[in-house]
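So the structure is just underneath, and the comments pick up after that.
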Amino acid sequence: MKGYAKVINLQNINTKTVNRPLAPLDHYAASQWKLMWLKFREHKLAFVGLTVLLIFYIIVLFAPVIAPYDPWEDTPSLYAPPTRIHFFHQGKLMPPFVYQRKMRVDYQTFDRFFEVDKTVVHPVRFFTKGFEYHWLGIFKCNIHLFGTTDGVAIHLLGADMLGRDVFSRSIWGTQISLTVGLIGVFLTFILGCIIGGFAGYYGGAVDSILQRVMEFVTCIPTIPMWMALSATIPSEWSNVKVYFAITIILALRSWTGLSRQVRSKLLQLREEDFVVAAKVAGTSDWKIILTHLLPGFTSYLIVSLTLEIPKMILGETTLSFLSLGLRPPTVSWGVLLQDAQNLAAISAYPWLMFPAVLVVLAVLAFNFVGDGLRDAADPYK
């Protein structure tokens, strides 16, 4: 008891007098999720990636508000270059404004160009009124983040071949490109857990049959499989039906990796004492898998799903870019990149490649977050 009392009294020592810093006492009683969060915060790139993803999904939620113009509205500003925002006029500091621009046509070469009239100033206003939309499909509104009161267009990223604002279309495209990954991953999670769970829990003939199915799906080349499945989508389907068909197509190819991980974990855990006790108590196999085995490695499932989302985003972008997925007038990053399929368009109008920058940022952010979660979930780090 005396020795025990001395150990307890060590907590009253001033840590400033100790050369080696002591770990906080709450770390020893922290849950698995709290320990993962504490380790995740130390991963700088993962934290940056998480911040970028939060910004992206805020854009998804408020896309109609952030986008200043209707992404489907054609205007005379064909291939208009990006509008420059100015703060100085005739040597004086002013609130943000844009100059008047007029499109001219050279009738000898038939080239279009835009002249800037620096005598006419249009102030940039925030939370201005514009085209009407239904926010979240419920609330009718016409407020936008920025614009001009006199209706002069501000093309931050230029315009496309029909005069549609590239910035507004890119903002609206986040709703499709970033949500198709979440829905696809949800379907992948269901298929991977069920098929991998049965294979790992029962083993034997069930495991052998399911393993052959996984190997067959895995050996099929990804792009040809997507192309074949996309060709089965009827051309008369609405955009909503095509959207959900694309998510199913992406999920049908991505579940094999998760199912193998679930299978390997269940092969390790099915002989544990708590599983044997559950069987003796009369618990059904389905309940053992869902309530006893799968929660034992939930953190690893989350890491795997986080790394699957960028694959879904790239899959949708690839299919739409190849005109095999979503089709106009649906707006997604892959659909927008259809305008940048030839080098002549890219060299003349480089702002059409901006959706590709968003794809790269989103994929890198998800990969950074996945790496951070993987390191945080590893008990040996």
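Convention: chains lettered A, B, ... in structure tokens order; per-chain residue numbering from 1; ligands numbered from 1 as shown.
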Nearby residues (only C-alpha atoms) at most 12 Å from Val240 (chain A), same-chain spacing under 4 positions excluded, as a ChimeraX atom specification: /A:176,180,236,244-247,325-327,329-331
Take the residues from that selection and put them in a file with N, CA and C atoms, as a compact mmCIF listing (two decimals), in the first residue's frame.
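The result, stored in result-v8.txt:
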# COMPACT_ATOMS: atom_id res chain seq x y z
N ILE A 176 -22.90 17.30 -58.57
CA ILE A 176 -22.94 15.97 -59.18
C ILE A 176 -21.65 15.20 -58.91
N VAL A 180 -21.80 11.92 -56.38
CA VAL A 180 -21.82 10.60 -57.00
C VAL A 180 -20.83 9.67 -56.31
N GLU A 236 -33.16 7.33 -73.77
CA GLU A 236 -34.33 8.15 -73.42
C GLU A 236 -34.50 8.34 -71.92
N PHE A 244 -28.21 7.88 -61.21
CA PHE A 244 -28.20 6.72 -60.32
C PHE A 244 -27.65 5.49 -61.03
N ALA A 245 -27.83 5.39 -62.34
CA ALA A 245 -27.25 4.27 -63.07
C ALA A 245 -25.73 4.35 -63.05
N ILE A 246 -25.18 5.55 -63.16
CA ILE A 246 -23.73 5.72 -63.12
C ILE A 246 -23.17 5.32 -61.75
N THR A 247 -23.87 5.70 -60.69
CA THR A 247 -23.41 5.32 -59.35
C THR A 247 -23.40 3.81 -59.17
N GLY A 325 -21.21 8.66 -69.86
CA GLY A 325 -21.88 8.79 -68.58
C GLY A 325 -22.98 9.84 -68.64
N LEU A 326 -22.86 10.84 -67.80
CA LEU A 326 -23.84 11.92 -67.78
C LEU A 326 -23.73 12.74 -69.05
N ARG A 327 -24.86 13.22 -69.51
CA ARG A 327 -24.92 13.97 -70.76
C ARG A 327 -25.52 15.34 -70.52
N PRO A 329 -28.12 18.29 -70.76
CA PRO A 329 -27.75 19.51 -70.02
C PRO A 329 -27.30 19.29 -68.59
N THR A 330 -27.10 18.04 -68.15
CA THR A 330 -26.55 17.81 -66.82
C THR A 330 -25.17 18.44 -66.71
N VAL A 331 -24.90 19.07 -65.58
CA VAL A 331 -23.64 19.76 -65.38
C VAL A 331 -22.81 19.00 -64.35
Which residues of region 115-195 of chain A sit at most 7 Å from region 76-92 of chain A, using only C-alpha atoms? Give each one's shortest atom pair and distance in Å (one decimal place), in chain and ascending residue order, as CSV.
residue,atom,partner,partner_atom,distance
A:Ile154,CA,A:Thr83,CA,5.9
A:His155,CA,A:Thr83,CA,5.1
A:Leu156,CA,A:Pro82,CA,5.0
A:Leu157,CA,A:Pro82,CA,4.6
A:Gly158,CA,A:Pro82,CA,3.9
A:Ala159,CA,A:Tyr79,CA,4.9
A:Asp160,CA,A:Tyr79,CA,4.9
A:Met161,CA,A:Leu78,CA,5.3
A:Leu162,CA,A:Leu78,CA,5.5
A:Gly163,CA,A:Leu78,CA,4.2
All residues 6 Å or closer to Met36 (chain A), only C-alpha atoms, same chain fewer than 3 positions away omitted, as a ChimeraX atom specification: /A:33,39-40,376-377
Using only C-alpha atoms, find each residue in region 283-380 of chain A having at least one atom no more than 12 Å away from region 249-252 of chain A; report its shortest atom-to-atom pair and that distance in Å (one decimal), rows by chain then rising number, as CSV.
residue,atom,partner,partner_atom,distance
A:Leu305,CA,A:Ala251,CA,11.6
A:Glu308,CA,A:Ala251,CA,9.9
A:Ile309,CA,A:Leu250,CA,10.4
A:Pro310,CA,A:Leu250,CA,11.5
A:Lys311,CA,A:Leu250,CA,8.8
A:Met312,CA,A:Leu250,CA,6.4
A:Ile313,CA,A:Leu250,CA,9.4
A:Leu314,CA,A:Leu250,CA,10.0
A:Gly315,CA,A:Leu250,CA,6.8
A:Glu316,CA,A:Leu250,CA,7.8
A:Thr317,CA,A:Leu250,CA,11.3
A:Thr318,CA,A:Leu250,CA,11.1
A:Leu319,CA,A:Leu250,CA,9.9
A:Leu324,CA,A:Ile249,CA,11.5
A:Gly325,CA,A:Ile249,CA,9.9
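Taking CA of Leu267 (chain A) and CA of Gly204 (chain A) as the two end points, the separation is 11.2 Å.
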Near-Glu272 (chain A) list (12 Å; only C-alpha atoms; drop same-chain fewer than 6 positions) as number ranges by chain: A: 201, 265-266, 278-279, 288, 292-293, 296
Keeping only N, CA and C atoms, write the selected residues as a compact mmCIF listing (two decimals), in the first residue's frame.
# COMPACT_ATOMS: atom_id res chain seq x y z
N TYR A 201 -16.81 -15.27 -42.73
CA TYR A 201 -17.43 -15.91 -41.56
C TYR A 201 -17.67 -17.40 -41.79
N LYS A 265 -10.30 -9.82 -42.32
CA LYS A 265 -10.50 -9.49 -40.90
C LYS A 265 -11.41 -10.50 -40.22
N LEU A 266 -12.46 -10.93 -40.91
CA LEU A 266 -13.37 -11.88 -40.29
C LEU A 266 -12.74 -13.25 -40.13
N ALA A 278 -20.97 -15.81 -28.30
CA ALA A 278 -22.20 -15.37 -28.95
C ALA A 278 -22.91 -16.54 -29.62
N LYS A 279 -22.15 -17.47 -30.22
CA LYS A 279 -22.77 -18.64 -30.83
C LYS A 279 -23.42 -19.53 -29.77
N ILE A 288 -24.23 -11.77 -35.45
CA ILE A 288 -22.81 -11.85 -35.05
C ILE A 288 -21.95 -11.04 -36.00
N HIS A 292 -21.04 -7.85 -33.87
CA HIS A 292 -19.86 -8.26 -33.13
C HIS A 292 -18.57 -8.17 -33.94
N LEU A 293 -18.63 -8.53 -35.22
CA LEU A 293 -17.41 -8.60 -36.02
C LEU A 293 -17.11 -7.30 -36.77
N GLY A 296 -15.68 -4.26 -35.00
CA GLY A 296 -14.34 -4.42 -34.46
C GLY A 296 -13.26 -3.78 -35.31
Produce a table with one row for each residue of region 138-201 of chain A that has an atom at most 9 Å from any atom of region 109-132 of chain A, each row naming the nearest atom pair and its distance in Å at one decimal; use only C-alpha atoms; arrange rows by chain and rising residue number; format as JSON lines.
{"residue": "A:Lys140", "atom": "CA", "partner": "A:Glu132", "partner_atom": "CA", "distance": 6.9}
{"residue": "A:Cys141", "atom": "CA", "partner": "A:Glu132", "partner_atom": "CA", "distance": 5.6}
{"residue": "A:Asn142", "atom": "CA", "partner": "A:Glu132", "partner_atom": "CA", "distance": 4.3}
{"residue": "A:Ile143", "atom": "CA", "partner": "A:Lys129", "partner_atom": "CA", "distance": 4.7}
{"residue": "A:His144", "atom": "CA", "partner": "A:Phe127", "partner_atom": "CA", "distance": 5.1}
{"residue": "A:Leu145", "atom": "CA", "partner": "A:Phe127", "partner_atom": "CA", "distance": 4.5}
{"residue": "A:Phe146", "atom": "CA", "partner": "A:Phe126", "partner_atom": "CA", "distance": 4.2}
{"residue": "A:Gly147", "atom": "CA", "partner": "A:Arg125", "partner_atom": "CA", "distance": 5.4}
{"residue": "A:Thr148", "atom": "CA", "partner": "A:Val124", "partner_atom": "CA", "distance": 5.2}
{"residue": "A:Thr149", "atom": "CA", "partner": "A:Arg125", "partner_atom": "CA", "distance": 7.0}
{"residue": "A:Asp150", "atom": "CA", "partner": "A:His122", "partner_atom": "CA", "distance": 7.7}
{"residue": "A:Gly151", "atom": "CA", "partner": "A:Gly130", "partner_atom": "CA", "distance": 8.7}
{"residue": "A:Val152", "atom": "CA", "partner": "A:His122", "partner_atom": "CA", "distance": 7.5}
{"residue": "A:Ile154", "atom": "CA", "partner": "A:Val124", "partner_atom": "CA", "distance": 8.7}
Members of region 3-202 of chain A assigned helix (DSSP H, G or I) by DSSP, as a count of residues only: 84
Straight-line distance linking CA of Ser320 (chain A) with CA of Val335 (chain A), stated in Å to one decimal: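 It comes out at 5.3 Å.
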Counting only C-alpha atoms, the option among A:Gly192, A:Gly197, A:Pro68, A:Pro295 closest to Asp165 (chain A): A:Pro68
Secondary structure check, strand (DSSP E or B) residues of region 62-230 of chain A, as JSON, numbers by chain: {"A": [86, 87, 88, 89, 92, 93, 94, 95, 96, 97, 98, 99, 100, 101, 102, 103, 104, 105, 106, 111, 112, 113, 114, 115, 116, 117, 118, 119, 120, 121, 122, 123, 125, 126, 127, 128, 129, 130, 131, 132, 133, 134, 135, 139, 140, 141, 142, 143, 144, 145, 146, 147, 159, 165]}
Using only C-alpha atoms: which of A:Arg41, A:Lys34, A:His134, A:Lys102 has the shortest distance to Phe62 (chain A): A:His134
